[in-house]
>>> print(open('query-v3.cif').read())   # mmCIF, C-alpha atoms and all ligand atoms
data_coords
#
loop_
_atom_site.label_atom_id
_atom_site.label_comp_id
_atom_site.auth_asym_id
_atom_site.auth_seq_id
_atom_site.Cartn_x
_atom_site.Cartn_y
_atom_site.Cartn_z
CA MET A 202 -43.00 84.93 8.49
CA ASN A 203 -41.85 88.50 8.53
CA ILE A 204 -43.25 90.66 5.72
CA CYS A 205 -39.86 91.74 4.42
CA PHE A 206 -38.75 88.13 4.08
CA ARG A 207 -41.98 87.25 2.26
CA ILE A 208 -41.47 90.12 -0.20
CA THR A 209 -37.87 89.04 -0.77
CA ILE A 210 -38.98 85.49 -1.54
CA ARG A 211 -41.62 86.82 -3.94
CA THR A 212 -39.05 89.06 -5.62
CA PHE A 213 -36.61 86.19 -6.07
CA ALA A 214 -39.42 83.99 -7.41
CA LYS A 215 -40.18 86.69 -9.99
CA ILE A 216 -36.51 87.01 -10.94
CA ALA A 217 -36.17 83.26 -11.31
CA SER A 218 -39.43 82.80 -13.23
CA PHE A 219 -38.99 85.45 -15.94
CA LYS A 220 -36.93 84.50 -18.93
CA PRO A 221 -37.30 86.68 -22.01
CA ARG A 222 -38.39 84.70 -25.06
CA PRO A 223 -36.23 84.91 -28.17
CA ILE A 224 -37.54 86.77 -31.22
CA VAL A 225 -36.98 85.13 -34.59
CA PHE A 226 -36.97 87.51 -37.56
CA SER A 227 -37.24 86.20 -41.06
CA GLY A 228 -38.24 87.45 -44.48
CA PRO A 229 -36.81 88.00 -47.93
CA SER A 230 -33.41 89.54 -48.37
CA GLY A 231 -33.96 93.29 -48.65
CA SER A 232 -37.27 93.29 -46.76
CA GLY A 233 -35.69 95.41 -44.02
CA LYS A 234 -34.90 92.97 -41.20
CA THR A 235 -31.51 94.54 -40.44
CA THR A 236 -32.95 98.05 -40.65
CA LEU A 237 -35.73 97.26 -38.17
CA ILE A 238 -33.51 95.22 -35.83
CA ASN A 239 -30.96 98.06 -35.77
CA LYS A 240 -33.69 100.47 -34.74
CA LEU A 241 -34.64 98.18 -31.84
CA PHE A 242 -31.00 97.92 -30.72
CA LYS A 243 -30.61 101.68 -30.94
CA GLU A 244 -33.74 102.46 -28.93
CA TYR A 245 -33.26 99.64 -26.38
CA PRO A 246 -29.50 99.00 -26.18
CA SER A 247 -29.79 97.08 -22.89
CA ILE A 248 -32.76 94.95 -23.90
CA PHE A 249 -31.90 93.24 -27.19
CA ALA A 250 -28.86 91.11 -27.97
CA PHE A 251 -27.69 88.69 -30.63
CA SER A 252 -26.60 85.19 -29.76
CA ILE A 253 -23.10 84.16 -30.77
CA SER A 254 -23.14 81.68 -33.65
CA HIS A 255 -20.71 78.86 -34.33
CA THR A 256 -18.78 78.72 -37.59
CA THR A 257 -16.12 76.61 -39.25
CA ARG A 258 -14.74 79.62 -41.11
CA ALA A 259 -11.41 81.05 -40.02
CA PRO A 260 -11.46 84.19 -37.86
CA ARG A 261 -10.87 87.42 -39.79
CA ALA A 262 -8.47 90.09 -38.55
CA GLY A 263 -9.76 91.56 -35.30
CA GLU A 264 -12.31 88.82 -34.67
CA GLN A 265 -12.18 87.04 -31.32
CA ASP A 266 -13.40 83.55 -30.50
CA GLY A 267 -16.55 83.84 -28.38
CA ARG A 268 -17.16 87.46 -29.35
CA GLU A 269 -18.05 87.61 -33.08
CA TYR A 270 -18.39 83.83 -33.41
CA HIS A 271 -17.51 80.59 -31.68
CA PHE A 272 -14.88 79.37 -34.14
CA ALA A 273 -14.74 75.57 -34.22
CA PRO A 274 -13.46 72.82 -36.50
CA ARG A 275 -16.01 71.06 -38.72
CA ASN A 276 -15.81 67.73 -36.86
CA GLN A 277 -16.66 69.47 -33.59
CA ILE A 278 -19.67 71.27 -35.07
CA GLU A 279 -20.82 68.07 -36.79
CA LYS A 280 -20.64 66.26 -33.46
CA MET A 281 -22.71 69.02 -31.83
CA ILE A 282 -25.28 68.78 -34.65
CA ALA A 283 -25.51 65.02 -34.10
CA ASN A 284 -26.05 65.67 -30.37
CA GLY A 285 -28.98 67.98 -31.19
CA GLU A 286 -27.19 71.01 -29.76
CA PHE A 287 -28.14 73.36 -32.60
CA LEU A 288 -31.38 75.20 -33.27
CA GLU A 289 -30.44 75.72 -36.89
CA THR A 290 -27.45 75.33 -39.15
CA THR A 291 -26.62 76.44 -42.64
CA GLU A 292 -23.76 75.96 -45.10
CA PHE A 293 -22.45 79.01 -46.93
CA SER A 294 -19.31 79.25 -49.07
CA SER A 295 -18.18 75.79 -47.87
CA ASN A 296 -18.44 76.80 -44.21
CA LEU A 297 -20.89 75.64 -41.59
CA TYR A 298 -22.74 78.21 -39.49
CA GLY A 299 -25.14 77.45 -36.68
CA THR A 300 -27.02 78.82 -33.70
CA SER A 301 -26.67 76.63 -30.64
CA LYS A 302 -29.39 76.31 -28.02
CA LYS A 303 -26.81 77.25 -25.39
CA ALA A 304 -25.91 80.48 -27.20
CA VAL A 305 -29.56 81.57 -27.11
CA GLU A 306 -29.97 80.47 -23.48
CA ASP A 307 -26.83 82.43 -22.53
CA VAL A 308 -28.51 85.62 -23.80
CA ALA A 309 -31.77 84.88 -21.95
CA LYS A 310 -29.79 84.31 -18.74
CA THR A 311 -28.55 87.90 -18.90
CA GLY A 312 -32.18 89.09 -18.99
CA CYS A 313 -31.87 90.27 -22.60
CA ILE A 314 -34.17 89.36 -25.47
CA CYS A 315 -32.26 87.25 -27.94
CA VAL A 316 -32.73 88.29 -31.57
CA LEU A 317 -32.34 85.74 -34.33
CA ASP A 318 -32.30 86.65 -38.03
CA VAL A 319 -32.72 83.46 -40.05
CA ASP A 320 -33.92 82.27 -43.46
CA LYS A 321 -36.99 80.12 -43.98
CA GLU A 322 -35.06 76.89 -43.43
CA GLY A 323 -33.93 78.29 -40.08
CA VAL A 324 -37.54 79.08 -39.19
CA LYS A 325 -38.56 75.50 -40.05
CA SER A 326 -35.76 74.08 -37.88
CA ILE A 327 -36.43 76.36 -34.92
CA ARG A 328 -40.17 75.68 -35.11
CA LYS A 329 -39.38 71.99 -34.52
CA THR A 330 -37.47 72.72 -31.28
CA ASP A 331 -38.85 73.49 -27.83
CA LEU A 332 -37.55 77.07 -27.99
CA ASN A 333 -40.39 79.29 -26.88
CA ALA A 334 -39.74 81.93 -29.52
CA LEU A 335 -41.89 84.54 -31.23
CA PHE A 336 -41.70 84.33 -35.04
CA ILE A 337 -42.00 87.56 -37.02
CA HIS A 338 -42.04 87.74 -40.79
CA ILE A 339 -40.81 91.01 -42.29
CA SER A 340 -42.39 91.48 -45.67
CA PRO A 341 -41.79 94.11 -48.37
CA PRO A 342 -44.91 95.92 -49.59
CA SER A 343 -44.43 94.30 -53.02
CA TYR A 344 -41.96 92.30 -55.03
CA GLU A 345 -41.28 95.33 -57.25
CA ILE A 346 -40.41 97.53 -54.25
CA LEU A 347 -38.18 94.77 -52.88
CA GLU A 348 -36.26 94.70 -56.17
CA LYS A 349 -35.92 98.50 -56.10
CA ARG A 350 -34.58 98.42 -52.51
CA LEU A 351 -32.11 95.65 -53.25
CA ARG A 352 -30.76 97.59 -56.24
CA GLU A 353 -30.59 100.87 -54.36
CA ARG A 354 -28.78 99.20 -51.45
CA GLN A 355 -25.83 98.70 -53.85
CA THR A 356 -24.33 95.81 -51.90
CA ASP A 357 -24.77 93.10 -54.53
CA ASN A 358 -23.83 92.43 -58.12
CA GLU A 359 -26.47 91.51 -60.71
CA ASN A 360 -26.11 87.76 -60.12
CA ALA A 361 -26.52 88.13 -56.36
CA ILE A 362 -29.59 90.34 -56.86
CA LYS A 363 -31.15 87.78 -59.22
CA TYR A 364 -30.46 85.02 -56.68
CA ARG A 365 -31.94 87.07 -53.82
CA LEU A 366 -35.05 87.88 -55.89
CA LYS A 367 -35.57 84.23 -56.75
CA GLU A 368 -35.28 83.26 -53.08
CA ALA A 369 -37.56 86.18 -52.15
CA LYS A 370 -40.48 84.67 -54.10
CA GLU A 371 -40.20 81.49 -52.03
CA SER A 372 -39.77 83.41 -48.80
CA MET A 373 -42.83 85.62 -49.49
CA LYS A 374 -44.92 82.52 -50.24
CA PHE A 375 -43.63 80.81 -47.09
CA GLY A 376 -44.49 83.91 -45.04
CA LYS A 377 -48.16 83.41 -45.90
CA GLU A 378 -48.30 79.76 -44.85
CA PRO A 379 -50.59 79.32 -41.86
CA GLY A 380 -49.08 78.46 -38.50
CA VAL A 381 -45.52 79.42 -39.39
CA TYR A 382 -45.27 83.01 -38.20
CA ASP A 383 -46.94 84.64 -35.22
CA HIS A 384 -46.88 88.07 -36.86
CA ILE A 385 -46.29 89.64 -40.25
CA VAL A 386 -44.93 93.19 -40.44
CA ILE A 387 -45.29 94.89 -43.82
CA ASN A 388 -42.32 97.19 -44.17
CA ASP A 389 -43.75 99.92 -46.39
CA LYS A 390 -43.19 103.21 -44.53
CA LEU A 391 -40.32 102.53 -42.15
CA ASP A 392 -41.71 104.49 -39.19
CA ILE A 393 -45.06 102.71 -39.40
CA ALA A 394 -43.41 99.27 -39.71
CA TYR A 395 -41.22 100.03 -36.70
CA SER A 396 -44.18 101.20 -34.67
CA ASP A 397 -46.08 97.99 -35.62
CA LEU A 398 -43.08 95.97 -34.54
CA LYS A 399 -42.88 97.73 -31.19
CA THR A 400 -46.59 97.11 -30.59
CA ILE A 401 -46.00 93.39 -31.18
CA LEU A 402 -43.01 93.42 -28.82
CA ARG A 403 -44.46 95.76 -26.18
CA GLN A 404 -45.00 93.11 -23.51
CA ASP A 405 -41.64 91.47 -24.16
CA ILE A 406 -39.84 94.82 -23.89
CA GLU A 407 -41.75 95.83 -20.74
CA GLY A 408 -41.07 92.41 -19.19
CA ALA A 409 -37.35 92.65 -19.88
CA LEU A 410 -37.16 96.24 -18.58
CA GLN A 411 -39.00 95.20 -15.42
CA GLN A 412 -36.71 92.22 -15.00
CA GLN A 413 -33.60 94.34 -15.34
CA LYS A 414 -34.93 96.75 -12.70
CA LEU A 415 -35.49 93.81 -10.32
CA ASN A 416 -32.03 92.40 -11.05
CA ASN A 417 -30.44 95.77 -10.31
CA LYS A 418 -32.34 96.02 -7.02
CA SER A 419 -31.71 92.45 -5.88
CA PRO A 420 -28.96 91.93 -3.27
CA LYS A 421 -25.67 90.96 -4.85
N1 LIG B 501 -39.34 101.04 -45.13
C1 LIG B 501 -38.31 101.23 -45.94
N2 LIG B 501 -38.41 102.13 -46.93
C2 LIG B 501 -37.38 102.33 -47.80
N3 LIG B 501 -36.21 101.67 -47.77
C3 LIG B 501 -36.07 100.75 -46.80
C4 LIG B 501 -37.09 100.47 -45.84
N4 LIG B 501 -36.65 99.50 -45.01
C5 LIG B 501 -35.41 99.19 -45.41
N5 LIG B 501 -35.05 99.93 -46.48
C6 LIG B 501 -33.80 99.85 -47.25
O1 LIG B 501 -33.88 98.63 -47.99
C7 LIG B 501 -32.61 98.02 -48.07
C8 LIG B 501 -32.72 96.60 -47.52
O2 LIG B 501 -32.91 96.64 -46.11
P1 LIG B 501 -32.12 95.66 -45.14
O3 LIG B 501 -30.68 95.60 -45.52
O4 LIG B 501 -32.47 96.08 -43.75
O5 LIG B 501 -32.84 94.28 -45.51
P2 LIG B 501 -32.58 92.81 -44.93
O6 LIG B 501 -33.91 92.17 -44.88
O7 LIG B 501 -31.82 92.89 -43.66
O8 LIG B 501 -31.70 92.16 -46.06
P3 LIG B 501 -30.65 90.91 -45.94
O9 LIG B 501 -31.46 89.71 -45.58
O10 LIG B 501 -30.08 90.84 -47.35
O11 LIG B 501 -29.63 91.27 -44.91
C9 LIG B 501 -31.64 98.89 -47.29
O12 LIG B 501 -30.93 99.71 -48.19
C10 LIG B 501 -32.56 99.73 -46.39
O13 LIG B 501 -31.99 100.99 -46.09
#
>>> encode(input="query-v3.cif", output="structure tokens", more="lines below")
Ligand SMILES: Nc1ncnc2c1ncn2[C@@H]1O[C@H](COP(=O)(O)OP(=O)(O)OP(=O)(O)O)[C@@H](O)[C@H]1O
Amino acid sequence: MNICFRITIRTFAKIASFKPRPIVFSGPSGSGKTTLINKLFKEYPSIFAFSISHTTRAPRAGEQDGREYHFAPRNQIEKMIANGEFLETTEFSSNLYGTSKKAVEDVAKTGCICVLDVDKEGVKSIRKTDLNALFIHISPPSYEILEKRLRERQTDNENAIKYRLKEAKESMKFGKEPGVYDHIVINDKLDIAYSDLKTILRQDIEGALQQQKLNNKSPK
């Protein structure tokens, strides 16, 4: 076999074999998940991507089916749930929301690392599936600092803050349960938390960057 041909086969084998694993972020509201995820997206715009969720809620002005969400009627989503097509679902303000396995696979197929931001129920559901994901818990340095950050964020009224703080206690307890999360990042000083996160994700990021280089070099 000619050497060039052998190298090409090896290259294609590499391209076919590498599939970035999804990263599941979870932690109390206000712990800094969005802040840290946004930093990853900013530093690695071609590496990380969100999957597109399904929802029964009506599209808002400017939203497009298949871009912000897959908009679908309740009976269709319920049928998909019954077929085991979802990794996790949740009901909020009388609307169903869910992340389908296909939506996450679609991201992996592009060579990007799929980012999921879910609550503890979502973590429990995804843990039960065969999705080879990495689970990261983002934790505030303390409950008191979490409360301070939620108040300073100024996005919620008093009732919403009280609700988030109540949920946070459960989420912080859940974060310490053995075997649930692969890593815990304490978000005290933002730069340090981000650097810790990048250390955890170093191999995933390098793998995806490598993959994208191979994809760009491969014959079209
Ligand atoms: N290390 C940090 N130090 C100080 N403030 C921070 C830090 N990380 C995040 N914040 C601030 O705390 C607030 C909550 O952060 P963020 O919105 O990212 O949390 P979240 O976990 O995504 O919350 P939710 O689940 O409600 O979306 C924001 O105002 C953010 O700017």
>>> residues_near_ligand(input="query-v3.cif", ligand="ligand LIG 501 (chain B)", cutoff="9 Å", atoms="all atoms listed in the file", output="tab-separated table (two decimals) with C-alpha atoms, in the frame of the given file")
chain	number	residue	atom	x	y	z
A	227	SER	CA	-37.24	86.20	-41.06
A	228	GLY	CA	-38.24	87.45	-44.48
A	229	PRO	CA	-36.81	88.00	-47.93
A	230	SER	CA	-33.41	89.54	-48.37
A	231	GLY	CA	-33.96	93.29	-48.65
A	232	SER	CA	-37.27	93.29	-46.76
A	233	GLY	CA	-35.69	95.41	-44.02
A	234	LYS	CA	-34.90	92.97	-41.20
A	235	THR	CA	-31.51	94.54	-40.44
A	236	THR	CA	-32.95	98.05	-40.65
A	237	LEU	CA	-35.73	97.26	-38.17
A	238	ILE	CA	-33.51	95.22	-35.83
A	239	ASN	CA	-30.96	98.06	-35.77
A	318	ASP	CA	-32.30	86.65	-38.03
A	319	VAL	CA	-32.72	83.46	-40.05
A	320	ASP	CA	-33.92	82.27	-43.46
A	339	ILE	CA	-40.81	91.01	-42.29
A	340	SER	CA	-42.39	91.48	-45.67
A	341	PRO	CA	-41.79	94.11	-48.37
A	342	PRO	CA	-44.91	95.92	-49.59
A	346	ILE	CA	-40.41	97.53	-54.25
A	347	LEU	CA	-38.18	94.77	-52.88
A	349	LYS	CA	-35.92	98.50	-56.10
A	350	ARG	CA	-34.58	98.42	-52.51
A	351	LEU	CA	-32.11	95.65	-53.25
A	352	ARG	CA	-30.76	97.59	-56.24
A	353	GLU	CA	-30.59	100.87	-54.36
A	354	ARG	CA	-28.78	99.20	-51.45
A	355	GLN	CA	-25.83	98.70	-53.85
A	356	THR	CA	-24.33	95.81	-51.90
A	365	ARG	CA	-31.94	87.07	-53.82
A	387	ILE	CA	-45.29	94.89	-43.82
A	388	ASN	CA	-42.32	97.19	-44.17
A	389	ASP	CA	-43.75	99.92	-46.39
A	390	LYS	CA	-43.19	103.21	-44.53
A	391	LEU	CA	-40.32	102.53	-42.15
A	392	ASP	CA	-41.71	104.49	-39.19
A	393	ILE	CA	-45.06	102.71	-39.40
A	394	ALA	CA	-43.41	99.27	-39.71
A	395	TYR	CA	-41.22	100.03	-36.70
>>> residues_near_point(input="query-v3.cif", point="(-36.0, 95.0, -14.0)", cutoff="12 Å", atoms="only C-alpha atoms", output="list in words")
Thr212, Phe213, Lys215, Ile216, Phe219, Lys220, Pro221, Ser247, Ile248, Thr311, Gly312, Cys313, Ile406, Glu407, Gly408, Ala409, Leu410, Gln411, Gln412, Gln413, Lys414, Leu415, Asn416, Asn417, Lys418 and Ser419 of chain A
>>> closest_residue(input="query-v3.cif", among="A:Met373, A:Lys399, A:Ile362, A:Arg275", to="A:Glu244", atoms="all atoms listed in the file")
A:Lys399
>>> residues_around(input="query-v3.cif", residues="A:Leu317", least_positions_apart="5", cutoff="10 Å", atoms="only C-alpha atoms", output="list in words")
Pro223, Ile224, Val225, Phe226, Ser227, Ile238, Ala250, Phe251, Ser252, Thr300, Val305, Gly323, Val324, Ala334 and Phe336 of chain A
>>> atom_distance(input="query-v3.cif", atom1="atom CA of A:Asp266", atom2="atom CA of A:Ile337")
29.6 Å
>>> atom_distance(input="query-v3.cif", atom1="atom CA of A:Ser254", atom2="atom CA of A:Phe272")
8.6 Å
>>> atom_distance(input="query-v3.cif", atom1="atom CA of A:Met281", atom2="atom CA of A:Gly380")
28.8 Å
>>> closest_residue(input="query-v3.cif", among="A:Gly263, A:Glu359, A:Ile253, A:Tyr344", to="A:Ser301", atoms="only C-alpha atoms")
A:Ile253
>>> closest_residue(input="query-v3.cif", among="A:Glu269, A:Asp397, A:Asp383, A:Glu322", to="A:Glu368", atoms="only C-alpha atoms")
A:Glu322
